[in-house]
Structure formats: C-alpha cells, structure tokens
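Trainee: Below is coords.txt; it holds compact mmCIF, C-alpha atoms.
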# COMPACT_ATOMS: atom_id res chain seq x y z
CA MET H 774 0.00 0.00 0.00
CA THR H 775 1.42 3.36 -0.99
CA ALA H 776 1.55 6.36 1.30
CA GLN H 777 -0.94 8.15 -0.95
CA ILE H 778 -3.52 5.36 -0.65
CA ALA H 779 -3.05 5.20 3.13
CA SER H 780 -3.46 8.98 3.40
CA ASP H 781 -6.55 9.05 1.18
CA ALA H 782 -8.05 6.15 3.16
CA THR H 783 -7.46 8.04 6.42
CA TRP H 784 -9.18 11.15 5.09
CA ALA H 785 -12.07 9.02 3.81
CA ALA H 786 -12.37 7.36 7.23
CA LEU H 787 -12.42 10.76 8.97
CA ALA H 788 -15.11 11.98 6.55
CA ALA H 789 -17.16 8.83 7.22
CA LEU H 790 -16.70 9.33 10.96
CA THR H 791 -17.95 12.91 10.65
CA LEU H 792 -21.02 11.76 8.73
CA ALA H 793 -21.67 8.99 11.25
CA LEU H 794 -21.46 11.49 14.11
CA VAL H 795 -23.90 13.86 12.39
CA VAL H 796 -26.36 10.99 11.87
CA ALA H 797 -25.87 9.68 15.44
CA ALA H 798 -26.52 13.15 16.87
CA HIS H 799 -29.87 13.33 15.06
CA LEU H 800 -31.15 9.95 16.21
CA PRO H 801 -34.02 10.02 18.70
CA ARG H 802 -32.85 10.13 22.32
CA SER H 803 -29.24 10.62 21.16
CA ARG H 804 -26.78 11.69 23.87
CA VAL H 805 -24.44 13.27 21.31
CA GLU H 806 -24.63 17.03 20.76
CA ARG H 807 -25.65 18.13 17.28
CA LEU H 808 -23.16 20.05 15.16
CA SER H 809 -25.45 23.09 15.20
CA GLY H 810 -25.67 22.83 19.00
CA LEU H 811 -21.89 22.62 19.24
CA LEU H 812 -21.49 25.79 17.15
CA HIS H 813 -24.18 27.59 19.15
CA ARG H 814 -22.48 26.63 22.39
CA ILE H 815 -19.13 27.96 21.17
CA GLU H 816 -20.65 31.26 20.06
CA ALA H 817 -22.86 31.71 23.13
CA GLY H 818 -20.34 34.19 24.61
CA ARG H 819 -19.22 37.30 22.74
CA VAL H 820 -15.55 36.21 22.58
CA GLY H 821 -16.55 32.83 21.17
CA TYR H 822 -18.93 34.53 18.74
CA VAL H 823 -16.21 36.81 17.36
CA ALA H 824 -13.75 33.89 17.20
CA VAL H 825 -16.24 31.77 15.24
CA LEU H 826 -16.91 34.61 12.77
CA VAL H 827 -13.19 35.33 12.31
CA GLY H 828 -12.69 31.60 11.71
CA TRP H 829 -15.43 31.68 9.07
CA MET H 830 -13.78 34.66 7.37
CA TRP H 831 -10.35 32.99 7.42
CA LEU H 832 -11.86 29.81 5.97
CA GLY H 833 -13.30 31.72 3.01
CA TRP H 834 -10.14 33.72 2.39
CA HIS H 835 -7.92 30.63 2.62
CA PHE H 836 -9.95 28.47 0.27
CA PHE H 837 -11.41 30.94 -2.23
CA ALA H 838 -8.93 33.80 -2.46
CA ARG H 839 -5.61 32.09 -1.67
CA MET D 710 -47.62 41.07 12.01
CA ASN D 711 -45.05 43.86 12.08
CA ALA D 712 -43.01 45.42 9.30
CA LEU D 713 -39.99 43.24 10.03
CA THR D 714 -42.08 40.08 9.75
CA LEU D 715 -43.40 41.28 6.42
CA ARG D 716 -39.94 42.18 5.17
CA ARG D 717 -38.20 39.01 6.33
CA PRO D 718 -39.13 36.67 3.42
CA ALA D 719 -38.10 39.37 0.96
CA LEU D 720 -34.80 39.82 2.80
CA VAL D 721 -34.11 36.08 2.76
CA ALA D 722 -34.94 35.90 -0.95
CA ALA D 723 -32.70 38.89 -1.73
CA ALA D 724 -29.84 37.44 0.35
CA THR D 725 -30.18 34.07 -1.38
CA VAL D 726 -30.09 35.66 -4.84
CA ALA D 727 -27.08 37.78 -3.83
CA ALA D 728 -25.26 34.71 -2.45
CA ALA D 729 -26.00 32.76 -5.64
CA GLY D 730 -24.69 35.64 -7.74
CA LEU D 731 -21.50 35.91 -5.69
CA SER D 732 -21.05 32.13 -5.86
CA ALA D 733 -21.36 32.18 -9.66
CA TRP D 734 -18.79 34.97 -9.77
CA ALA D 735 -16.48 33.08 -7.39
CA ALA D 736 -16.77 29.96 -9.55
CA LEU D 737 -15.30 31.90 -12.46
CA THR D 738 -12.29 33.20 -10.53
CA ASP D 739 -8.87 31.67 -9.98
CA PRO D 740 -6.97 31.84 -6.67
CA PHE D 741 -4.37 34.60 -6.27
CA THR D 742 -6.19 36.93 -8.64
CA ALA D 743 -7.88 40.27 -8.03
CA GLY D 744 -11.24 38.75 -8.94
CA ALA D 745 -10.95 36.01 -6.29
CA ASP D 746 -9.82 38.55 -3.69
CA THR D 747 -12.69 40.90 -4.55
CA VAL D 748 -15.56 38.39 -4.48
CA THR D 749 -14.31 36.82 -1.24
CA ALA D 750 -13.82 40.23 0.36
CA ILE D 751 -17.38 41.23 -0.59
CA ALA D 752 -18.79 38.07 1.02
CA ILE D 753 -16.71 38.63 4.16
CA ALA D 754 -17.78 42.28 4.30
CA LEU D 755 -21.45 41.24 4.03
CA GLY D 756 -20.96 38.77 6.89
CA ALA D 757 -19.20 41.39 9.01
CA ALA D 758 -21.93 43.96 8.26
CA ALA D 759 -24.65 41.50 9.30
CA ALA D 760 -22.78 40.72 12.53
CA VAL D 761 -22.27 44.41 13.35
CA ALA D 762 -25.91 45.24 12.55
CA GLY D 763 -27.14 42.60 14.98
CA TRP D 764 -24.49 43.17 17.67
CA ARG D 765 -26.60 45.32 20.03
CA THR D 766 -29.84 43.40 19.71
CA MET D 767 -28.60 39.83 19.35
CA THR D 768 -29.76 37.28 21.85
CA ALA D 769 -27.93 34.26 23.19
CA PRO D 770 -28.55 31.15 21.10
CA VAL D 771 -31.28 28.86 22.39
CA LEU D 772 -29.53 25.68 23.48
CA ALA D 773 -32.31 23.16 23.06
CA THR D 774 -29.93 20.24 23.37
CA GLU D 775 -28.04 21.27 26.51
CA GLY D 776 -26.60 18.36 28.43
CA ARG D 777 -25.63 16.32 25.40
CA ALA D 778 -22.10 14.98 25.07
CA LEU D 779 -19.49 17.16 23.39
CA TRP D 780 -16.55 14.76 23.71
CA PRO D 781 -17.24 12.85 20.45
CA TRP D 782 -16.89 16.13 18.54
CA ALA D 783 -13.78 17.10 20.50
CA ALA D 784 -12.25 13.69 19.71
CA LEU D 785 -13.10 13.98 16.01
CA ILE D 786 -11.68 17.52 15.78
CA GLY D 787 -8.54 16.30 17.54
CA LEU D 788 -8.14 13.46 15.04
CA VAL D 789 -8.65 15.77 12.04
CA VAL D 790 -6.18 18.35 13.38
CA ALA D 791 -3.64 15.63 14.18
CA TRP D 792 -3.87 14.07 10.71
CA GLU D 793 -3.72 17.50 9.06
CA LEU D 794 -0.49 18.24 10.96
CA VAL D 795 0.98 14.82 10.13
CA SER D 796 0.18 15.35 6.44
CA PHE D 797 1.50 18.91 6.50
CA PHE D 798 4.87 17.97 7.98
CA LEU D 799 5.39 14.59 6.29
CA GLY D 800 5.08 15.64 2.67
CA PRO D 801 5.33 15.44 -0.26
CA ARG D 802 1.82 16.80 -0.77
CA VAL D 803 0.98 14.24 -3.45
CA ASP D 804 1.51 11.42 -0.93
CA HIS D 805 0.18 13.22 2.13
CA PRO D 806 -2.53 15.66 1.02
CA THR D 807 -3.79 18.27 3.46
CA ILE D 808 -7.39 19.54 3.49
CA SER D 809 -6.29 22.48 1.33
CA SER D 810 -4.68 20.26 -1.29
CA LEU D 811 -7.74 17.97 -1.32
CA TYR D 812 -9.86 21.09 -1.93
CA ASP D 813 -7.51 22.17 -4.75
CA ALA D 814 -7.78 18.74 -6.37
CA ALA D 815 -11.58 18.70 -6.04
CA THR D 816 -12.04 22.16 -7.57
CA HIS D 817 -9.33 22.03 -10.24
CA GLY D 818 -11.20 22.48 -13.51
CA ALA D 819 -14.52 21.99 -11.71
CA ARG D 820 -15.92 25.50 -11.44
CA ALA D 821 -19.41 24.29 -10.49
CA VAL D 822 -17.96 22.52 -7.44
CA LYS D 823 -16.15 25.70 -6.43
CA GLY D 824 -19.35 27.72 -6.84
CA LEU D 825 -21.32 25.26 -4.73
CA LEU D 826 -18.66 25.28 -2.00
CA PHE D 827 -18.65 29.09 -2.00
CA PHE D 828 -22.45 29.08 -1.65
CA ALA D 829 -22.20 26.54 1.19
CA TRP D 830 -19.61 28.76 2.91
CA MET D 831 -21.97 31.75 2.66
CA CYS D 832 -24.86 29.65 4.03
CA LEU D 833 -22.61 28.70 6.95
CA GLY D 834 -21.90 32.38 7.57
CA SER D 835 -25.62 33.12 7.56
CA PHE D 836 -26.14 30.36 10.13
CA LEU D 837 -23.32 31.62 12.34
CA VAL D 838 -24.37 35.29 12.46
CA ARG D 839 -26.59 35.77 15.50
CA ARG D 840 -29.63 38.00 15.23
When written as structure tokens, how does the structure in this file appear?
Mentor:
Amino acid sequence: MTAQIASDATWAALAALTLALVVAAHLPRSRVERLSGLLHRIEAGRVGYVAVLVGWMWLGWHFFAR
Amino acid sequence: MNALTLRRPALVAAATVAAAGLSAWAALTDPFTAGADTVTAIAIALGAAAAVAGWRTMTAPVLATEGRALWPWAALIGLVVAWELVSFFLGPRVDHPTISSLYDAATHGARAVKGLLFFAWMCLGSFLVRR
C-alpha cells in the first residue's frame, strides 16, 4: 500500500466518521450534541462569537482567495 | 404582524439571490487573482456587516440540546487536526494531502464545485451570524 492510498483512506475514514457522528446526533434520544448545537455553544459568549466569525472569514479567504 | 415580519421573506430571498450571484462569480475566478480577492472580500464584508448590525440586539442562542455529550466532537476535531499536521509535515503533498490540497484537487477544472462550495460557505456564515 502506498503512502498516498493510506493517506486518502485516512481522510475518507475521517469523513465517514464525521457523517456517522452527524447521523448519530440526530437519532431520537441521542446523547451526542448536534453540530449546530456545538457551534451555538461555542458562540454563546461574545468572545466565542467573534472567534467563530473570524474563523469563518479565514476559511473563506484561505480556500477561495488564496 | 409587524413590518420586520413582512420584510423578512423578501430579505431572505434577496440574500439568497445575492449569495447565488457571488457564488457564480467566485466559480469563475482563480486563486491569487484580483477577482478572487474581490468576491471573497465582498462576502466577508457582508458577513461582518450582518454581525455588526445585529451586535446590540442579538440574543444568546437557544440551546435546546443542553446536556448532550461534546466529547465525540472534540475527539473527532482532535483526530482531524492531528492528521492535518501529520500530512503537513510529512510531505510530499501528493503522498500526504492536506485539506487544502484535497480542496484544490476537487475544484481544479470543476468550477461548479467551487461555486457550490462558496455558496455553502456563505450559508454557513448566515447560520453563524446571531440576530
């Protein structure tokens, strides 16, 4: 197995894990926080809110401008 | 029904059309060009303006799911960050792609994908800005 295949497989596994967590969080009586709830918790305070928005701006600049 | 309630669907429709227009523009740009800088800066400025406009009146988010476990997300984020760092420092990029290089590969020559991702990023911004 080449390093490229191993790396791609790891990224695919992480993507699958993310999807599984999103689905698990939306199951009835789930004990896992939803992604939206996680984001809302982080931005509940003003410092967290600004940090989340700056992160969103950086994300856009990094991927679409640079 | 007050004026804001009446105006809200029109505002959402206008914002959606504007986001679609910016996304189409972004899809036609290439990184490291004035066009890419401009369209991204406009989207960021719109997000910042929305955040500033709602700063005084915004309310704390309603946490309907308080008490649920956060650790699975923390563990997942830790794994993603760890693998990103491993890939970044191991190199070469073709063998150990980072999230950025995966994005570059996915959008290379696929302008529709780039436009959709830009639209998704703007939708995320709309979700994150508190009102």
Trainee: Which is closer to His813 in chain H than all the others in H:Ala786, H:Val796, H:Leu826, H:Pro801, using all atoms listed in the file?
Mentor: H:Leu826
Trainee: May I ask you to extract the residues of chain H within 9 Å of chain D, using all atoms listed in the file, and to give them as a PDB file with C-alpha atoms, keeping the file's coordinate frame?
Mentor:
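And here is the file that came out, iface.pdb:
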ATOM      1  CA  THR H 775       1.420   3.360  -0.990  1.00  0.00           C
ATOM      2  CA  ALA H 776       1.550   6.360   1.300  1.00  0.00           C
ATOM      3  CA  GLN H 777      -0.940   8.150  -0.950  1.00  0.00           C
ATOM      4  CA  ILE H 778      -3.520   5.360  -0.650  1.00  0.00           C
ATOM      5  CA  ALA H 779      -3.050   5.200   3.130  1.00  0.00           C
ATOM      6  CA  SER H 780      -3.460   8.980   3.400  1.00  0.00           C
ATOM      7  CA  ASP H 781      -6.550   9.050   1.180  1.00  0.00           C
ATOM      8  CA  THR H 783      -7.460   8.040   6.420  1.00  0.00           C
ATOM      9  CA  TRP H 784      -9.180  11.150   5.090  1.00  0.00           C
ATOM     10  CA  LEU H 787     -12.420  10.760   8.970  1.00  0.00           C
ATOM     11  CA  LEU H 790     -16.700   9.330  10.960  1.00  0.00           C
ATOM     12  CA  THR H 791     -17.950  12.910  10.650  1.00  0.00           C
ATOM     13  CA  LEU H 794     -21.460  11.490  14.110  1.00  0.00           C
ATOM     14  CA  SER H 803     -29.240  10.620  21.160  1.00  0.00           C
ATOM     15  CA  ARG H 804     -26.780  11.690  23.870  1.00  0.00           C
ATOM     16  CA  VAL H 805     -24.440  13.270  21.310  1.00  0.00           C
ATOM     17  CA  GLU H 806     -24.630  17.030  20.760  1.00  0.00           C
ATOM     18  CA  ARG H 807     -25.650  18.130  17.280  1.00  0.00           C
ATOM     19  CA  LEU H 808     -23.160  20.050  15.160  1.00  0.00           C
ATOM     20  CA  SER H 809     -25.450  23.090  15.200  1.00  0.00           C
ATOM     21  CA  GLY H 810     -25.670  22.830  19.000  1.00  0.00           C
ATOM     22  CA  LEU H 811     -21.890  22.620  19.240  1.00  0.00           C
ATOM     23  CA  LEU H 812     -21.490  25.790  17.150  1.00  0.00           C
ATOM     24  CA  HIS H 813     -24.180  27.590  19.150  1.00  0.00           C
ATOM     25  CA  ARG H 814     -22.480  26.630  22.390  1.00  0.00           C
ATOM     26  CA  GLU H 816     -20.650  31.260  20.060  1.00  0.00           C
ATOM     27  CA  ALA H 817     -22.860  31.710  23.130  1.00  0.00           C
ATOM     28  CA  GLY H 818     -20.340  34.190  24.610  1.00  0.00           C
ATOM     29  CA  TYR H 822     -18.930  34.530  18.740  1.00  0.00           C
ATOM     30  CA  VAL H 825     -16.240  31.770  15.240  1.00  0.00           C
ATOM     31  CA  LEU H 826     -16.910  34.610  12.770  1.00  0.00           C
ATOM     32  CA  TRP H 829     -15.430  31.680   9.070  1.00  0.00           C
ATOM     33  CA  MET H 830     -13.780  34.660   7.370  1.00  0.00           C
ATOM     34  CA  LEU H 832     -11.860  29.810   5.970  1.00  0.00           C
ATOM     35  CA  GLY H 833     -13.300  31.720   3.010  1.00  0.00           C
ATOM     36  CA  TRP H 834     -10.140  33.720   2.390  1.00  0.00           C
ATOM     37  CA  HIS H 835      -7.920  30.630   2.620  1.00  0.00           C
ATOM     38  CA  PHE H 836      -9.950  28.470   0.270  1.00  0.00           C
ATOM     39  CA  PHE H 837     -11.410  30.940  -2.230  1.00  0.00           C
ATOM     40  CA  ALA H 838      -8.930  33.800  -2.460  1.00  0.00           C
ATOM     41  CA  ARG H 839      -5.610  32.090  -1.670  1.00  0.00           C
TER      42      ARG H 839
END
Trainee: Could you tell me how far CA of Ile815 in chain H sits from CA of Met767 in chain D, in Å to one decimal place?
Mentor: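 Straight-line distance from CA of Met767 in chain D to CA of Ile815 in chain H works out to 15.3 Å.
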Trainee: In Å, with one decimal, what is the gap from CA of Cys832 in chain D to CA of Trp831 in chain H?
Mentor: 15.3 Å
Trainee: Could you tell me how far CA of Ala819 in chain D sits from CA of Ala733 in chain D, in Å to one decimal place?
Mentor: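 Atom-to-atom, CA of Ala733 in chain D and CA of Ala819 in chain D are spaced 12.4 Å apart.
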